[in-house]
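**Student:** Below is one structure. I have some questions about it.
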Amino acid sequence: MVYKITLLPGDGIGPEITEVAKKVIEATGINIDWDIKMAGEESIKKYGTPIPDETIKSIEENKICLKGPITTPIGTGFRSINVFLRQYFNLYVCLRPFKIYKGARTKFENVDIVIIRENMEDLYAGIEFEKGKEETLELIKFIEGKTGKKLNKNTGISIKPISVENSEKILRFGFEYARKNNRKKVTVVHKANIMKYSDGLFLEVAKNIAKEYPDIEFEDKIVDNMAMQLVQKPEIYDVIVCPNLYGDILSDLCAGIIGGLGLSAGANIGEDVAIFEPTHGSAPKYKGQKKVNPSAMILAGILMLDYLGEIEARDKIEKALSEVIREGKYVTYDFKEEGEKCVGTIEMGEAIIEKIGGKW
Ligand code: NAD
């Protein structure tokens, strides 16, 4: 079988790590017809937009996209191309696994957490009112009239919508994921004690859905407590389901626990389209130096193969990657202490490909 997959190398360090991930995936023998498209800085130069129509059309047609990081350009009307793609294709799930690979630079051990983050709503919905604008002043008047609460005229407002429909979808996805992947516990994160009608709603939906999954242990945690617990005893957490903002913040916390952003990837999944990407950005200061860690981009490829049901190829890559990290001989600077010997992006990729039994 030949898969047709959209590949967005992105910009900054994107092209160098995407090239490595592509070659690592191909080394498994899996047959992919890559539809390489532009997005980001190069695309602005060529098309005058960071996300041209033909890129969107390619994702629409192929339904699967492996994506490098993309810089968020200032002044194009896009808050973020990454957020735009999630919203455009209704990719309501963001799934991010955090596992410690022996050899990663971390003080922790035995961590194997999956964060499932709602990707469409909450403070990321993009419903914002700028300080001093006419509509903002009208909204302030409306709020004062309805609640009796006084607001300063110089107030900016961001709206936090959380719906029953989207909460049900993400929570059901979380419990189904736990069941399918032999996970034991789902922890739902919120701040329902303060935000009763948004986070409170999320928690209420969670409690109802949990009843449909008596085989999975269910607990809920207030987000501030969760942040502390994750640092103190991350090994007791399994699947964590969060509204958008908490999911974003706790993802970076978990990336820190397992050894940094270079080891963290995510899948953005909707009803029929899915985009796989590293969690980190385009790290412009390292662009072209071929020194950054390609692991997160390779892990994004692993998530994609898992989604496609290509389990053998997925396992081959994960075994090779974890061996290279454990041996610590052909790894990038972020696995090492200052001044210790390390290799570049390509050399680490070559070592992984050799373990798979392929050639660069
Ligand atoms: P960043 O993640 O690009 O980099 C922060 C730092 O993390 C780097 O300076 C580097 O020290 C380290 N780092 C990141 N990736 C690494 C890797 N593969 N190997 C080793 N070290 C690595 O964050 P930033 O500098 O805040 O953002 C740069 C640009 O990327 C911004 O325009 C931002 O909007 C964008 N961004 C894009 C995405 C995405 O495409 N999904 C995600 C986050 C940020």
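Ligands are numbered from 1 in the order shown, residues from 1 within each chain, and chains are lettered A, B, ... in the order they appear in the structure tokens.
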If you run DSSP on the backbone, which residues of range 165-311 of chain A are alpha helix (DSSP H), as a ChimeraX atom specification?
**Tutor:** /A:165-180,199-210,223-232,244-258,295-308,311
**Student:** Dump the neighbourhood of ligand 1 as a list in words: all residues within 6 Å, distances computed on only C-alpha atoms and all ligand atoms.
**Tutor:** Pro69, Ile70, Thr71, Thr72, Asn82, Leu261, Gly262, Thr279, His280, Gly281, Ser282, Ala283, Val292, Asn293, Pro294 and Asp334 of chain A
**Student:** May I have the residues within 12 Å of Glu135 in chain A as a list in words, using only C-alpha atoms and disregarding those fewer than 6 positions away in the same chain?
**Tutor:** Glu128, Phe129, Lys141, Phe142, Lys153, Thr155, Gly156 and Ile157 of chain A
**Student:** Smallest atom-to-atom distance to Ala267 in chain A: which of A:Phe202, A:Tyr47, A:Tyr92, A:Tyr213, using only C-alpha atoms?
**Tutor:**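 Closest candidate: A:Tyr92.
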**Student:** Write out as JSON, numbers by chain the residues lying within 9 Å of Lys107 in chain A, counting only C-alpha atoms and excluding same-chain residues fewer than 3 positions away.
**Tutor:** {"A": [257, 258, 259]}
**Student:** Now that the selection is made, can you save its residues with C-alpha atoms as a CSV table (one decimal), in the first residue's frame?
**Tutor:**
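Output file again_12.csv follows:
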chain,number,residue,atom,x,y,z
A,257,ILE,CA,10.1,16.3,33.2
A,258,ILE,CA,11.1,14.0,30.4
A,259,GLY,CA,14.1,15.9,29.2
**Student:** Could you tell me which of A:Gly126, A:Pro15, A:Gly349, A:Gly103 comes closest to Glu327 in chain A if we count only C-alpha atoms?
**Tutor:** A:Gly103
**Student:** Please give the complete set of residues from range 56-97 of chain A that DSSP, run on the backbone, assigns to strand (DSSP E or B), formatted as a PyMOL selection string.
**Tutor:** chain A and resi 64-67+93-97
**Student:** Residues near Asp199 in chain A, anyone? I mean within 7 Å using only C-alpha atoms, not counting same-chain ones fewer than 5 positions away, as a ChimeraX atom specification.
**Tutor:** /A:190-192
**Student:** Can you measure CA of Gly40 in chain A to CA of Val273 in chain A for me? One decimal in Å is fine.
**Tutor:**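 Atom-to-atom, CA of Gly40 in chain A and CA of Val273 in chain A are spaced 20.2 Å apart.
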**Student:** Mind checking which residues fall within 10 Å of range 226-234 of chain A, counting only C-alpha atoms, ignoring those fewer than 2 positions away in the same chain, and posting them as a list of chain:residue names?
**Tutor:**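 After dropping sequence-adjacent residues, the list is A:Phe108, A:Glu109, A:Asn110, A:Val111, A:Asp112, A:Ile113, A:Thr187, A:Val188, A:Val189, A:His190, A:Asp220, A:Lys221, A:Ile222, A:Val223, A:Asp224, A:Ile236, A:Tyr237, A:Asp238, A:Ile240, A:Tyr246, A:Ile249, A:Leu250, A:Leu253, A:Cys254, A:Gly256, A:Ile257, A:Ile258.
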**Student:** Save the residues we just selected, C-alpha atoms, as a PDB file, in the first residue's frame?
**Tutor:**
ATOM      1  CA  PHE A 108      12.938  11.669  36.992  1.00  0.00           C
ATOM      2  CA  GLU A 109      12.298   8.049  36.046  1.00  0.00           C
ATOM      3  CA  ASN A 110       9.343   5.769  35.179  1.00  0.00           C
ATOM      4  CA  VAL A 111       7.225   8.537  33.666  1.00  0.00           C
ATOM      5  CA  ASP A 112       4.753   7.535  30.969  1.00  0.00           C
ATOM      6  CA  ILE A 113       1.996  10.141  30.737  1.00  0.00           C
ATOM      7  CA  THR A 187      -7.183  12.312  35.533  1.00  0.00           C
ATOM      8  CA  VAL A 188      -9.337  15.275  34.518  1.00  0.00           C
ATOM      9  CA  VAL A 189      -7.864  18.720  35.199  1.00  0.00           C
ATOM     10  CA  HIS A 190      -9.873  21.886  35.863  1.00  0.00           C
ATOM     11  CA  ASP A 220     -10.170  14.955  38.967  1.00  0.00           C
ATOM     12  CA  LYS A 221      -7.547  17.489  40.038  1.00  0.00           C
ATOM     13  CA  ILE A 222      -7.504  21.260  40.313  1.00  0.00           C
ATOM     14  CA  VAL A 223      -4.880  22.568  37.889  1.00  0.00           C
ATOM     15  CA  ASP A 224      -2.592  24.269  40.424  1.00  0.00           C
ATOM     16  CA  ILE A 236       1.549   7.972  39.381  1.00  0.00           C
ATOM     17  CA  TYR A 237      -0.171   9.717  36.434  1.00  0.00           C
ATOM     18  CA  ASP A 238      -1.386   7.930  33.333  1.00  0.00           C
ATOM     19  CA  ILE A 240      -4.599  13.342  31.719  1.00  0.00           C
ATOM     20  CA  TYR A 246      -4.215  23.884  31.093  1.00  0.00           C
ATOM     21  CA  ILE A 249       0.835  24.602  30.096  1.00  0.00           C
ATOM     22  CA  LEU A 250       0.967  21.115  31.613  1.00  0.00           C
ATOM     23  CA  LEU A 253       5.749  21.004  32.299  1.00  0.00           C
ATOM     24  CA  CYS A 254       5.734  17.325  31.263  1.00  0.00           C
ATOM     25  CA  GLY A 256      10.523  19.490  31.123  1.00  0.00           C
ATOM     26  CA  ILE A 257      10.076  16.347  33.224  1.00  0.00           C
ATOM     27  CA  ILE A 258      11.075  13.960  30.418  1.00  0.00           C
TER      28      ILE A 258
END
**Student:** Using only C-alpha atoms, which residue out of A:Asp53, A:Leu137, A:Lys23, A:Phe173 lies closest to Glu271 in chain A?
**Tutor:** A:Phe173
**Student:** I'd like a table as JSON lines: residues in range 87-159 of chain A with an atom no more than 12 Å from range 57-68 of chain A, each row giving the shortest atom pair and its distance in Å to one decimal, only C-alpha atoms counted, sorted by chain and rising residue number.
**Tutor:**
{"residue": "A:Tyr88", "atom": "CA", "partner": "A:Glu60", "partner_atom": "CA", "distance": 10.2}
{"residue": "A:Phe89", "atom": "CA", "partner": "A:Glu60", "partner_atom": "CA", "distance": 8.2}
{"residue": "A:Asn90", "atom": "CA", "partner": "A:Glu60", "partner_atom": "CA", "distance": 11.6}
{"residue": "A:Leu91", "atom": "CA", "partner": "A:Lys63", "partner_atom": "CA", "distance": 11.3}
**Student:** Could the residues in this selection be saved with all heavy atoms as a compact mmCIF listing (two decimals), in the first residue's frame?
**Tutor:**
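Listed below is the output, part-v4.txt:
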# COMPACT_ATOMS: atom_id res chain seq x y z
N TYR A 88 -9.13 25.36 11.45
CA TYR A 88 -9.65 25.18 10.08
C TYR A 88 -10.12 23.74 9.85
O TYR A 88 -11.16 23.50 9.27
CB TYR A 88 -8.57 25.56 9.07
CG TYR A 88 -9.06 25.53 7.63
CD1 TYR A 88 -9.65 26.65 7.06
CD2 TYR A 88 -8.93 24.38 6.86
CE1 TYR A 88 -10.11 26.63 5.76
CE2 TYR A 88 -9.40 24.34 5.56
CZ TYR A 88 -9.98 25.48 5.01
OH TYR A 88 -10.45 25.43 3.72
N PHE A 89 -9.32 22.76 10.32
CA PHE A 89 -9.65 21.35 10.07
C PHE A 89 -10.41 20.72 11.25
O PHE A 89 -10.59 19.51 11.28
CB PHE A 89 -8.39 20.55 9.76
CG PHE A 89 -7.81 20.88 8.41
CD1 PHE A 89 -6.63 21.60 8.30
CD2 PHE A 89 -8.47 20.50 7.25
CE1 PHE A 89 -6.11 21.91 7.06
CE2 PHE A 89 -7.95 20.81 6.00
CZ PHE A 89 -6.77 21.53 5.90
N ASN A 90 -10.81 21.56 12.20
CA ASN A 90 -11.57 21.08 13.36
C ASN A 90 -10.86 19.91 14.05
O ASN A 90 -11.45 18.86 14.31
CB ASN A 90 -12.99 20.69 12.92
CG ASN A 90 -13.93 20.54 14.09
OD1 ASN A 90 -13.60 20.94 15.21
ND2 ASN A 90 -15.07 19.93 13.86
N LEU A 91 -9.57 20.12 14.32
CA LEU A 91 -8.76 19.06 14.96
C LEU A 91 -8.94 19.21 16.47
O LEU A 91 -8.13 19.85 17.14
CB LEU A 91 -7.29 19.20 14.55
CG LEU A 91 -7.07 19.27 13.02
CD1 LEU A 91 -5.59 19.49 12.70
CD2 LEU A 91 -7.57 18.00 12.34
**Student:** Could you list, as an MDAnalysis selection string, every residue within 8 Å of Tyr101 in chain A, counting only C-alpha atoms and ignoring same-chain residues fewer than 4 positions away?
**Tutor:** chainID A and resid 258 322 325:326
